[in-house]
Amino acid sequence: MTPGVKPLVAGNWKMNGTSAGLDQLAAMANYYTPELHKRLDMLVCVPATLLFRASETVKNGPIKTGGQDCHWEASGAHTGDISTAMISDAGGSAVIVGHSERRSDHGETDQVVNRKVTAALASGLMTIVCIGEIEEERKSGKTLDVLGSQLSGSIPENRGGGELVVAYEPVWAIGTGLTPTVEDVREAHSFVREKMVELIGNEGERTRLLYGGSVKPANAGSLLGIDNVDGALVGGASLKAEDFLGIAAAYRALV
Ligand code: PGA
């Protein structure tokens, strides 16, 4: 944790969930009381098709909803894409940008991510920028170099009003059940913190830095306990209310 920074537990449903899955979101909303909200923020990023209904499901409560990607243009001939204004219009207040699955499935480069982050922040969305090394890079000792260059490339110089959040997600830990050691997470997050201060000045000292990759109720507490880990980006375990709430409960015990 970073002293004085409120943790954020963010879920990423990826390409999972139809309207039948909204009962899980309703269950999360039931548990996430205003008292808990004082201590931690909760966000669920759902598929675009579900965003409006998901936002209605948690309306007036403290759980926020968001999208998983956006285009950098406000509108136009971009078949299949959605704009930041469409996310807001559907009730979302956040967006994930540059997830490793977007980078690998859709060839997104740091340059593309940078444009998307610029657009998302300008439109006032909380913008979660994902970075992380692949297994080979970790094994050959290049992790910090990779994180440094992804951050330099992806974080724009001009940043609008939205909150910028960074998620460190080792690609080899996503959906595999593998996690880095506490020492490796500490080293990566401390490096990301320094780099953020270098890139954006004082704001970087309080930027929320999430860890992502196989976060579960059983390991959430030990991960949040690490310096500069201000929350989690959770994939698989965000699909079921019981698991996602288990992660929130592990945080609750610490904050
Ligand atoms: P996971 O995914 O929790 O299923 O490992 C994390 C992510 O990709 O954000």
# chains A, B, ... in the order shown; residues from 1 in each chain; ligands from 1
$ residues_around --residues "Trp72 in chain A" --least-positions-apart "5" --cutoff "12 Å" --atoms "only C-alpha atoms" --output "PyMOL selection string"
chain A and resi 78+81-86+97+111-123
$ write_last_selection --atoms "all heavy atoms" --output "compact mmCIF listing (two decimals), in the first residue's frame"
# COMPACT_ATOMS: atom_id res chain seq x y z
N HIS A 78 -14.90 3.60 -37.72
CA HIS A 78 -14.02 2.66 -37.01
C HIS A 78 -14.87 1.47 -36.57
O HIS A 78 -15.27 1.36 -35.40
CB HIS A 78 -13.36 3.33 -35.80
CG HIS A 78 -12.55 4.53 -36.19
ND1 HIS A 78 -11.35 4.43 -36.87
CD2 HIS A 78 -12.79 5.85 -36.05
CE1 HIS A 78 -10.88 5.64 -37.11
NE2 HIS A 78 -11.74 6.53 -36.63
N ASP A 81 -15.33 -0.51 -33.04
CA ASP A 81 -14.72 0.18 -31.89
C ASP A 81 -15.76 0.98 -31.11
O ASP A 81 -16.83 1.29 -31.62
CB ASP A 81 -13.64 1.14 -32.39
CG ASP A 81 -12.34 0.42 -32.69
OD1 ASP A 81 -11.91 -0.38 -31.84
OD2 ASP A 81 -11.77 0.63 -33.78
N ILE A 82 -15.40 1.34 -29.89
CA ILE A 82 -16.25 2.25 -29.12
C ILE A 82 -15.43 3.43 -28.61
O ILE A 82 -14.24 3.30 -28.36
CB ILE A 82 -16.98 1.55 -27.95
CG1 ILE A 82 -15.99 0.94 -26.95
CG2 ILE A 82 -17.93 0.49 -28.43
CD1 ILE A 82 -16.68 0.47 -25.67
N SER A 83 -16.10 4.57 -28.50
CA SER A 83 -15.40 5.79 -28.07
C SER A 83 -15.56 5.98 -26.56
O SER A 83 -16.40 5.34 -25.92
CB SER A 83 -16.00 7.01 -28.79
OG SER A 83 -17.31 7.24 -28.31
N THR A 84 -14.78 6.90 -26.05
CA THR A 84 -14.86 7.18 -24.61
C THR A 84 -16.24 7.75 -24.25
O THR A 84 -16.78 7.44 -23.20
CB THR A 84 -13.77 8.17 -24.20
OG1 THR A 84 -13.92 9.38 -24.94
CG2 THR A 84 -12.39 7.62 -24.45
N ALA A 85 -16.81 8.57 -25.17
CA ALA A 85 -18.14 9.15 -24.89
C ALA A 85 -19.19 8.04 -24.84
O ALA A 85 -20.16 8.13 -24.08
CB ALA A 85 -18.50 10.17 -25.96
N MET A 86 -19.01 6.99 -25.65
CA MET A 86 -19.97 5.88 -25.61
C MET A 86 -19.90 5.15 -24.27
O MET A 86 -20.91 4.70 -23.74
CB MET A 86 -19.68 4.91 -26.77
CG MET A 86 -20.02 5.48 -28.12
SD MET A 86 -19.42 4.37 -29.42
CE MET A 86 -19.85 5.36 -30.86
N VAL A 97 -6.94 0.27 -20.63
CA VAL A 97 -6.28 0.52 -21.92
C VAL A 97 -4.94 -0.22 -21.94
O VAL A 97 -4.22 -0.25 -20.95
CB VAL A 97 -6.05 2.04 -22.12
CG1 VAL A 97 -5.30 2.30 -23.42
CG2 VAL A 97 -7.38 2.80 -22.14
N GLN A 111 2.45 3.26 -28.76
CA GLN A 111 2.00 4.49 -29.42
C GLN A 111 0.46 4.54 -29.50
O GLN A 111 -0.16 5.57 -29.24
CB GLN A 111 2.60 4.54 -30.81
CG GLN A 111 2.59 5.90 -31.42
CD GLN A 111 3.07 5.84 -32.88
OE1 GLN A 111 3.17 4.76 -33.47
NE2 GLN A 111 3.35 6.99 -33.42
N VAL A 112 -0.12 3.39 -29.86
CA VAL A 112 -1.59 3.30 -29.93
C VAL A 112 -2.18 3.48 -28.53
O VAL A 112 -3.15 4.22 -28.32
CB VAL A 112 -2.02 1.95 -30.54
CG1 VAL A 112 -3.50 1.68 -30.32
CG2 VAL A 112 -1.68 1.91 -32.02
N VAL A 113 -1.56 2.81 -27.57
CA VAL A 113 -2.04 2.90 -26.18
C VAL A 113 -1.98 4.36 -25.72
O VAL A 113 -2.93 4.86 -25.11
CB VAL A 113 -1.20 1.98 -25.26
CG1 VAL A 113 -1.57 2.18 -23.79
CG2 VAL A 113 -1.37 0.51 -25.66
N ASN A 114 -0.91 5.03 -26.05
CA ASN A 114 -0.74 6.42 -25.66
C ASN A 114 -1.89 7.29 -26.18
O ASN A 114 -2.45 8.11 -25.44
CB ASN A 114 0.62 6.92 -26.23
CG ASN A 114 1.04 8.25 -25.68
OD1 ASN A 114 0.28 9.20 -25.75
ND2 ASN A 114 2.25 8.32 -25.16
N ARG A 115 -2.28 7.07 -27.42
CA ARG A 115 -3.39 7.87 -27.98
C ARG A 115 -4.70 7.57 -27.27
O ARG A 115 -5.52 8.45 -27.01
CB ARG A 115 -3.53 7.57 -29.48
CG ARG A 115 -2.33 8.02 -30.27
CD ARG A 115 -2.35 7.51 -31.68
NE ARG A 115 -3.16 8.34 -32.54
CZ ARG A 115 -3.30 8.16 -33.85
NH1 ARG A 115 -2.66 7.17 -34.45
NH2 ARG A 115 -4.05 8.95 -34.57
N LYS A 116 -4.90 6.29 -26.96
CA LYS A 116 -6.13 5.91 -26.26
C LYS A 116 -6.16 6.50 -24.84
O LYS A 116 -7.19 6.97 -24.37
CB LYS A 116 -6.24 4.38 -26.18
CG LYS A 116 -6.44 3.74 -27.54
CD LYS A 116 -6.62 2.24 -27.44
CE LYS A 116 -6.96 1.68 -28.82
NZ LYS A 116 -7.52 0.33 -28.76
N VAL A 117 -5.01 6.46 -24.17
CA VAL A 117 -4.94 7.01 -22.80
C VAL A 117 -5.23 8.51 -22.84
O VAL A 117 -5.99 9.03 -22.01
CB VAL A 117 -3.55 6.75 -22.16
CG1 VAL A 117 -3.47 7.38 -20.78
CG2 VAL A 117 -3.28 5.25 -22.06
N THR A 118 -4.67 9.18 -23.83
CA THR A 118 -4.89 10.63 -23.96
C THR A 118 -6.39 10.91 -24.11
O THR A 118 -6.95 11.77 -23.42
CB THR A 118 -4.15 11.17 -25.21
OG1 THR A 118 -2.78 10.81 -25.10
CG2 THR A 118 -4.29 12.68 -25.32
N ALA A 119 -7.05 10.14 -25.00
CA ALA A 119 -8.48 10.36 -25.24
C ALA A 119 -9.31 10.04 -23.99
O ALA A 119 -10.23 10.78 -23.64
CB ALA A 119 -8.95 9.50 -26.41
N ALA A 120 -8.96 8.96 -23.32
CA ALA A 120 -9.74 8.54 -22.16
C ALA A 120 -9.62 9.55 -21.01
O ALA A 120 -10.61 9.92 -20.38
CB ALA A 120 -9.30 7.15 -21.70
N LEU A 121 -8.40 10.01 -20.76
CA LEU A 121 -8.21 10.99 -19.69
C LEU A 121 -8.88 12.31 -20.03
O LEU A 121 -9.49 12.95 -19.18
CB LEU A 121 -6.72 11.21 -19.42
CG LEU A 121 -5.97 10.04 -18.78
CD1 LEU A 121 -4.48 10.35 -18.70
CD2 LEU A 121 -6.51 9.71 -17.39
N ALA A 122 -8.79 12.69 -21.32
CA ALA A 122 -9.40 13.96 -21.73
C ALA A 122 -10.91 13.92 -21.53
O ALA A 122 -11.54 14.94 -21.26
CB ALA A 122 -9.08 14.24 -23.20
N SER A 123 -11.49 12.72 -21.63
CA SER A 123 -12.94 12.64 -21.48
C SER A 123 -13.34 12.42 -20.01
O SER A 123 -14.52 12.25 -19.70
CB SER A 123 -13.52 11.53 -22.35
OG SER A 123 -13.15 10.30 -21.80
$ select_by_dssp --residues "range 76-125 of chain A" --states "strand (DSSP E or B)" --output "PyMOL selection string"
chain A and resi 94-97
$ write_last_selection --atoms "N, CA, C and O atoms" --output "CSV table (one decimal), in the first residue's frame"
chain,number,residue,atom,x,y,z
A,94,ALA,N,-14.9,4.4,-16.2
A,94,ALA,CA,-13.5,4.0,-16.3
A,94,ALA,C,-13.3,3.2,-17.6
A,94,ALA,O,-14.2,2.7,-18.2
A,95,VAL,N,-12.0,3.0,-17.9
A,95,VAL,CA,-11.7,2.1,-19.0
A,95,VAL,C,-10.3,1.6,-18.8
A,95,VAL,O,-9.4,2.2,-18.3
A,96,ILE,N,-10.1,0.3,-19.2
A,96,ILE,CA,-8.8,-0.3,-19.2
A,96,ILE,C,-8.2,-0.1,-20.6
A,96,ILE,O,-8.9,-0.3,-21.6
A,97,VAL,N,-6.9,0.3,-20.6
A,97,VAL,CA,-6.3,0.5,-21.9
A,97,VAL,C,-4.9,-0.2,-21.9
A,97,VAL,O,-4.2,-0.3,-20.9
$ atom_distance --atom1 "CA of Ser55 in chain A" --atom2 "CA of His71 in chain A"
20.4 Å
$ residues_around --residues "range 10-25 of chain A" --least-positions-apart "2" --cutoff "7 Å" --atoms "only C-alpha atoms" --output "ChimeraX atom specification"
/A:8,27-29,42-47,50,54,232-235,238-241
$ select_by_dssp --residues "range 53-240 of chain A" --states "alpha helix (DSSP H)" --output "ChimeraX atom specification"
/A:53-57,84-89,100-105,110-122,135-139,143-154,182-200,203-206,217-224
$ residues_near_ligand --ligand "ligand 1" --cutoff "8 Å" --atoms "only C-alpha atoms and all ligand atoms" --output "ChimeraX atom specification"
/A:11-12,14,99-101,169,171,173-177,212-216,233-238
$ closest_residue --among "A:Arg186, A:Arg206, A:Arg193, A:Lys59" --to "Ala26 in chain A" --atoms "only C-alpha atoms"
A:Lys59
$ closest_residue --among "A:Ile247, A:Asp227, A:Glu108, A:Val165" --to "Leu210 in chain A" --atoms "only C-alpha atoms"
A:Val165
$ atom_distance --atom1 "CA of Ser222 in chain A" --atom2 "CA of Gly204 in chain A"
23.4 Å
$ closest_residue --among "A:Asp89, A:Ala253, A:Val229, A:Gly61" --to "Tyr31 in chain A" --atoms "only C-alpha atoms"
A:Gly61
$ closest_residue --among "A:Tyr32, A:Leu178, A:Ser152, A:Thr49" --to "Pro62 in chain A" --atoms "only C-alpha atoms"
A:Tyr32
$ atom_distance --atom1 "CA of His37 in chain A" --atom2 "CA of Asp69 in chain A"
25.4 Å
$ residues_around --residues "Gly132 in chain A" --least-positions-apart "2" --cutoff "10 Å" --atoms "only C-alpha atoms" --output "ChimeraX atom specification"
/A:99-100,130,134-135,137-138,143-144,146-148,150-151,167-173,188,211-213
$ write_last_selection --atoms "C-alpha atoms" --output "short mmCIF file (atom, residue, chain, number, x, y, z; two decimals), in the first residue's frame"
data_model
loop_
_atom_site.label_atom_id
_atom_site.label_comp_id
_atom_site.auth_asym_id
_atom_site.auth_seq_id
_atom_site.Cartn_x
_atom_site.Cartn_y
_atom_site.Cartn_z
CA HIS A 99 -4.19 -4.79 -21.62
CA SER A 100 -1.70 -7.45 -22.72
CA CYS A 130 -1.64 -2.02 -18.28
CA ILE A 134 6.34 -11.80 -20.92
CA GLU A 135 7.96 -14.90 -19.44
CA GLU A 137 11.72 -11.16 -20.65
CA ARG A 138 11.40 -12.07 -16.98
CA THR A 143 11.58 -6.98 -16.69
CA LEU A 144 12.38 -3.48 -15.48
CA VAL A 146 10.37 -3.56 -20.47
CA LEU A 147 8.25 -1.82 -17.83
CA GLY A 148 10.24 1.39 -18.23
CA GLN A 150 6.16 0.57 -21.88
CA LEU A 151 5.54 3.39 -19.40
CA ALA A 167 -1.66 -1.89 -13.57
CA TYR A 168 1.46 -4.03 -13.50
CA GLU A 169 0.45 -7.40 -14.90
CA PRO A 170 3.21 -9.92 -15.64
CA VAL A 171 1.83 -11.57 -18.79
CA TRP A 172 2.94 -15.03 -17.64
CA ALA A 173 0.90 -14.62 -14.44
CA ALA A 188 8.56 -3.98 -9.97
CA TYR A 211 -1.02 -5.56 -9.37
CA GLY A 212 -2.75 -7.98 -11.76
CA GLY A 213 -2.24 -11.64 -12.62
#
$ residues_around --residues "Tyr251 in chain A" --least-positions-apart "2" --cutoff "8 Å" --atoms "only C-alpha atoms" --output "PyMOL selection string"
chain A and resi 40+220-221+224+247-249+253-255
$ closest_residue --among "A:Ile155, A:Leu223, A:Ala48, A:Ala77" --to "Thr181 in chain A" --atoms "only C-alpha atoms"
A:Leu223
